[in-house]
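Below: one structure, written as structure tokens.
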Amino acid sequence: MVGRGGVTSRHPAFSILAVTFCIEAVLGQKFCPKEMENYVASMVLSALGDTLGYYNGKWEFLQHGPTIHKELAEMGGLSNVSIKGWKVSDDTVMHLATAEALVAAGKNPRLEHLYSLIANNYKECMNDMEGRAPGAMCQKNALNLKPEKPDGWRIPFSPKAGGCGAAMRSMCIGLRFRRADELDTLVQVSIESGRMTHHHPTGYLGSLASALFTAFAVNSVPPPAWGKRLLEVLPRAKAYVRDAGFFVEENMGQWYYFEEQWKKYLAKRGILDGVSLPTFPSKYGVEERDSFYTSLSYNGWAGSSGHDAPMIAYDALLGAGDSWTELAHRAFFHAGDSDSTAAIAACWWGAMHGFRGVAASLYAPLEYRERLEKVGKDLYRLI
């Protein structure tokens, strides 16, 4: 079980280690088929959330949550929506690119080789972006990668690369590197894959958060503990970036923002201790969430940065309880970068709950469903 801190898991089959990760009480055991379903669900539901939040570009860029919810209701509500003809956005295309590279690298990957595979997939997937609204930073930097050359997956630091393009595509890294002894690998791969397009701490630490929280989800770590444990992993991430020796001064100079924003959010929800249950306002409807999500943002578009895309997804997960519909209402349909927060939150839901609460008819017409199912199974077979 992935995790850190002195929190005791609510799941007796798991024990918390004194170090940064929680693992299963018995290592090396055979996982039950339910876990394979969760791997598949995490990939499929992430794409479903992306598709719904995007709605062929209409809802991602409609910056008024009440209007989105009104249009959803006019379609008959979440359980009656048909996504036939709805495309996945760039988020899913790049998440698939990450996942398929992880599978291609095999059971014991050499990281330099893995990075070349990821970079190649990121570059190639730019050919599949018509009608998917790719971010300018992702597109520009992915096309400039040179995966066939040594270190050709590296790009310079950019003060403008704090967007959510890395966070939206890294969740599967937490499925691949979920064990206690893989924490360093999870940190390194999430950072290096993230800064292939978003070489700024706010950007690539979003990648780390999305991947780390996926590992927590698949290992049944209670969600209120996730934020604290992210803060506890950040020093390890900082040490890695320093030791990597690549634009160290520039990275260290911008490091503070991500950590500062997460501390403020966790304090707001009363979960800095990693034990307490989150507190929400008594009135926290669509308009209130739009306002709060915007307050978390860097530039006024909620969820469009590396710190707040996973943060909004996390807020939605904490508030949704065991309701898929409530998760969707909070994470998929709001005034911000809704497809990105949806892709992240829905991935965590699948990793935790499988397809629970989700009608099969909703995701049956999903674009790339067979690819998503296959890569989910393939990732499971690598653990």
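Identifiers in this document derive from the order of the structure tokens: chains are assigned A, B, ..., residues are numbered from 1 separately in each chain, and ligands are numbered from 1 in order of occurrence.
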Practice problem: Skip Ala239 of chain A itself and residues of its chain fewer than 3 positions away, then list as a ChimeraX atom specification all residues within 12 Å of it, counting only C-alpha atoms. | Solution: /A:184,187-188,191,233-236,242-245,248,251-252,255
For the selection you just gave me, I'd like the residues written to a file as a PDB file, in the first residue's frame, keeping C-alpha atoms.
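Wrote it out as out-v2.pdb, contents follow:
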ATOM      1  CA  ASP A 184      11.555   6.479  -5.929  1.00  0.00           C
ATOM      2  CA  VAL A 187       8.701  10.023  -8.231  1.00  0.00           C
ATOM      3  CA  GLN A 188      11.329   9.972 -10.967  1.00  0.00           C
ATOM      4  CA  ILE A 191       8.715  14.103 -12.817  1.00  0.00           C
ATOM      5  CA  VAL A 233       6.952  12.948  -0.553  1.00  0.00           C
ATOM      6  CA  LEU A 234       7.807  16.433  -1.863  1.00  0.00           C
ATOM      7  CA  PRO A 235      11.236  16.583  -0.132  1.00  0.00           C
ATOM      8  CA  ARG A 236      12.138  13.348  -1.911  1.00  0.00           C
ATOM      9  CA  ARG A 242      18.574  18.648  -7.319  1.00  0.00           C
ATOM     10  CA  ASP A 243      20.534  15.436  -7.861  1.00  0.00           C
ATOM     11  CA  ALA A 244      19.460  15.226 -11.505  1.00  0.00           C
ATOM     12  CA  GLY A 245      21.421  18.446 -12.028  1.00  0.00           C
ATOM     13  CA  VAL A 248      18.471  23.133 -10.707  1.00  0.00           C
ATOM     14  CA  ASN A 251      13.550  24.741 -10.509  1.00  0.00           C
ATOM     15  CA  MET A 252      14.433  25.514  -6.903  1.00  0.00           C
ATOM     16  CA  TRP A 255       9.480  25.189  -6.099  1.00  0.00           C
TER      17      TRP A 255
END
Self-check item: For segment 120-137 of chain A: contacts at 10 Å, only C-alpha atoms, fewer than 2 positions along chain excluded, given as a PyMOL selection string
Solution: chain A and resi 54+56-57+60+87-101+114-118+139-148+152-153+158+160-165+193+196-198+304
Exercise. Go through A:Tyr256, A:Phe333, A:Phe355, A:Tyr265 one by one, measure the shortest atom-to-atom distance of each to Pro66 of chain A using only C-alpha atoms, and give the residue with the smallest value.
Key: A:Phe333
Practice problem: Identify which of the residues A:Ala225, A:Val375, A:Leu317, A:Ile68 lies closest to Glu287 of chain A, counting only C-alpha atoms when measuring atom-to-atom distances. | Solution: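 Nearest candidate to Glu287 of chain A out of A:Ala225, A:Val375, A:Leu317, A:Ile68: A:Ile68.
The residue that comes closest to Ala166 of chain A, out of A:Gly306, A:Glu260, A:Ala211, A:Tyr293 and on the basis of only C-alpha atoms, is A:Gly306.
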Self-check item: Near-segment 358-363 of chain A list (8 Å; only C-alpha atoms; drop same-chain fewer than 5 positions) as a VMD selection string
Solution: chain A and resid 44 to 45 48 79 to 83 324 369
Quiz item: Residues of segment 5-228 of chain A in alpha helix (DSSP H) according to DSSP, as a ChimeraX atom specification?
Solution: /A:33-54,65-74,90-105,111-125,136-143,171-176,183-194,201-218,226-228
Practice problem: Could you tell me which of A:His200, A:Arg110, A:Lys149, A:Arg229 comes closest to Ser305 of chain A if we count only C-alpha atoms? | Solution: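 Counting only C-alpha atoms, the residue closest to Ser305 of chain A is A:His200.
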Quiz prompt | Residue nearest Ser190 of chain A among A:Tyr380, A:Thr294, A:Glu259, A:Leu111 (counting only C-alpha atoms) | solution =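 Ranking A:Tyr380, A:Thr294, A:Glu259, A:Leu111 by distance to Ser190 of chain A, first place goes to A:Leu111.
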Exercise. Using only C-alpha atoms, pick whichever of A:Val241, A:Ala105, A:Ala217, A:Leu379 has the shortest atom-to-atom distance to Glu192 of chain A.
Key: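 Answer, going by the shortest atom-to-atom distance: A:Val241.
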Quiz item: Could you name the residues that touch Gly350 of chain A at 7 Å or less, counting only C-alpha atoms, but leaving out those on the same chain fewer than 2 positions away, as a ChimeraX atom specification?
Solution: /A:38,41-42,45,346-348,352-355
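Our summary of the geometry notes that atom CA of Ile312 of chain A is positioned 17.6 Å from atom CA of Ala351 of chain A.
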Quiz prompt | Test item: residues at most 9 Å from Gly336 of chain A, only C-alpha atoms, excluding those fewer than 4 positions along its chain, as a PyMOL selection string | solution = chain A and resi 60-65+290+293-294+300-304+341
Practice problem: Just list the residues in segment 14-126 of chain A DSSP gives strand (DSSP E or B) on the backbone, as number ranges by chain. | Solution: A: 14-16, 22-24
Keeping all heavy atoms for every residue in the selection just given, could you write it to a file as a PDB file, in the first residue's frame?
ATOM      1  N   PHE A  14      -3.980  -4.373   5.247  1.00  0.00           N
ATOM      2  CA  PHE A  14      -2.847  -3.515   4.926  1.00  0.00           C
ATOM      3  C   PHE A  14      -2.218  -2.965   6.196  1.00  0.00           C
ATOM      4  O   PHE A  14      -2.874  -2.789   7.208  1.00  0.00           O
ATOM      5  CB  PHE A  14      -3.301  -2.351   4.034  1.00  0.00           C
ATOM      6  CG  PHE A  14      -3.778  -2.792   2.690  1.00  0.00           C
ATOM      7  CD1 PHE A  14      -5.086  -3.176   2.500  1.00  0.00           C
ATOM      8  CD2 PHE A  14      -2.913  -2.854   1.611  1.00  0.00           C
ATOM      9  CE1 PHE A  14      -5.534  -3.597   1.268  1.00  0.00           C
ATOM     10  CE2 PHE A  14      -3.348  -3.264   0.374  1.00  0.00           C
ATOM     11  CZ  PHE A  14      -4.656  -3.632   0.206  1.00  0.00           C
ATOM     12  N   SER A  15      -0.943  -2.675   6.131  1.00  0.00           N
ATOM     13  CA  SER A  15      -0.257  -2.070   7.271  1.00  0.00           C
ATOM     14  C   SER A  15       0.521  -0.870   6.798  1.00  0.00           C
ATOM     15  O   SER A  15       1.037  -0.837   5.691  1.00  0.00           O
ATOM     16  CB  SER A  15       0.697  -3.078   7.928  1.00  0.00           C
ATOM     17  OG  SER A  15       1.659  -3.498   7.006  1.00  0.00           O
ATOM     18  N   ILE A  16       0.611   0.134   7.658  1.00  0.00           N
ATOM     19  CA  ILE A  16       1.327   1.351   7.318  1.00  0.00           C
ATOM     20  C   ILE A  16       2.777   1.211   7.751  1.00  0.00           C
ATOM     21  O   ILE A  16       3.077   0.902   8.885  1.00  0.00           O
ATOM     22  CB  ILE A  16       0.697   2.568   8.030  1.00  0.00           C
ATOM     23  CG1 ILE A  16      -0.791   2.666   7.712  1.00  0.00           C
ATOM     24  CG2 ILE A  16       1.416   3.841   7.659  1.00  0.00           C
ATOM     25  CD1 ILE A  16      -1.106   2.902   6.277  1.00  0.00           C
ATOM     26  N   CYS A  22       2.940   2.723   2.186  1.00  0.00           N
ATOM     27  CA  CYS A  22       2.225   1.638   2.844  1.00  0.00           C
ATOM     28  C   CYS A  22       2.151   0.492   1.836  1.00  0.00           C
ATOM     29  O   CYS A  22       1.970   0.726   0.674  1.00  0.00           O
ATOM     30  CB  CYS A  22       0.814   2.059   3.207  1.00  0.00           C
ATOM     31  SG  CYS A  22       0.748   3.584   4.094  1.00  0.00           S
ATOM     32  N   ILE A  23       2.315  -0.710   2.307  1.00  0.00           N
ATOM     33  CA  ILE A  23       2.276  -1.844   1.392  1.00  0.00           C
ATOM     34  C   ILE A  23       1.376  -2.925   1.959  1.00  0.00           C
ATOM     35  O   ILE A  23       0.957  -2.869   3.107  1.00  0.00           O
ATOM     36  CB  ILE A  23       3.689  -2.434   1.151  1.00  0.00           C
ATOM     37  CG1 ILE A  23       4.337  -2.887   2.475  1.00  0.00           C
ATOM     38  CG2 ILE A  23       4.575  -1.451   0.453  1.00  0.00           C
ATOM     39  CD1 ILE A  23       5.614  -3.652   2.297  1.00  0.00           C
ATOM     40  N   GLU A  24       1.101  -3.905   1.155  1.00  0.00           N
ATOM     41  CA  GLU A  24       0.286  -5.027   1.618  1.00  0.00           C
ATOM     42  C   GLU A  24       1.032  -5.785   2.709  1.00  0.00           C
ATOM     43  O   GLU A  24       2.251  -5.864   2.725  1.00  0.00           O
ATOM     44  CB  GLU A  24       0.009  -5.977   0.460  1.00  0.00           C
ATOM     45  CG  GLU A  24      -0.823  -5.327  -0.610  1.00  0.00           C
ATOM     46  CD  GLU A  24      -0.882  -6.161  -1.848  1.00  0.00           C
ATOM     47  OE1 GLU A  24      -0.294  -7.250  -1.861  1.00  0.00           O
ATOM     48  OE2 GLU A  24      -1.495  -5.709  -2.796  1.00  0.00           O
TER      49      GLU A  24
END
Quiz item: Could you work out how far atom CA of Ser220 of chain A lies from atom CA of Lys377 of chain A, giving the answer in Å with one decimal?
Solution: 19.0 Å
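Atom CA of Ser340 of chain A is found 6.4 Å from atom CA of Asp50 of chain A.
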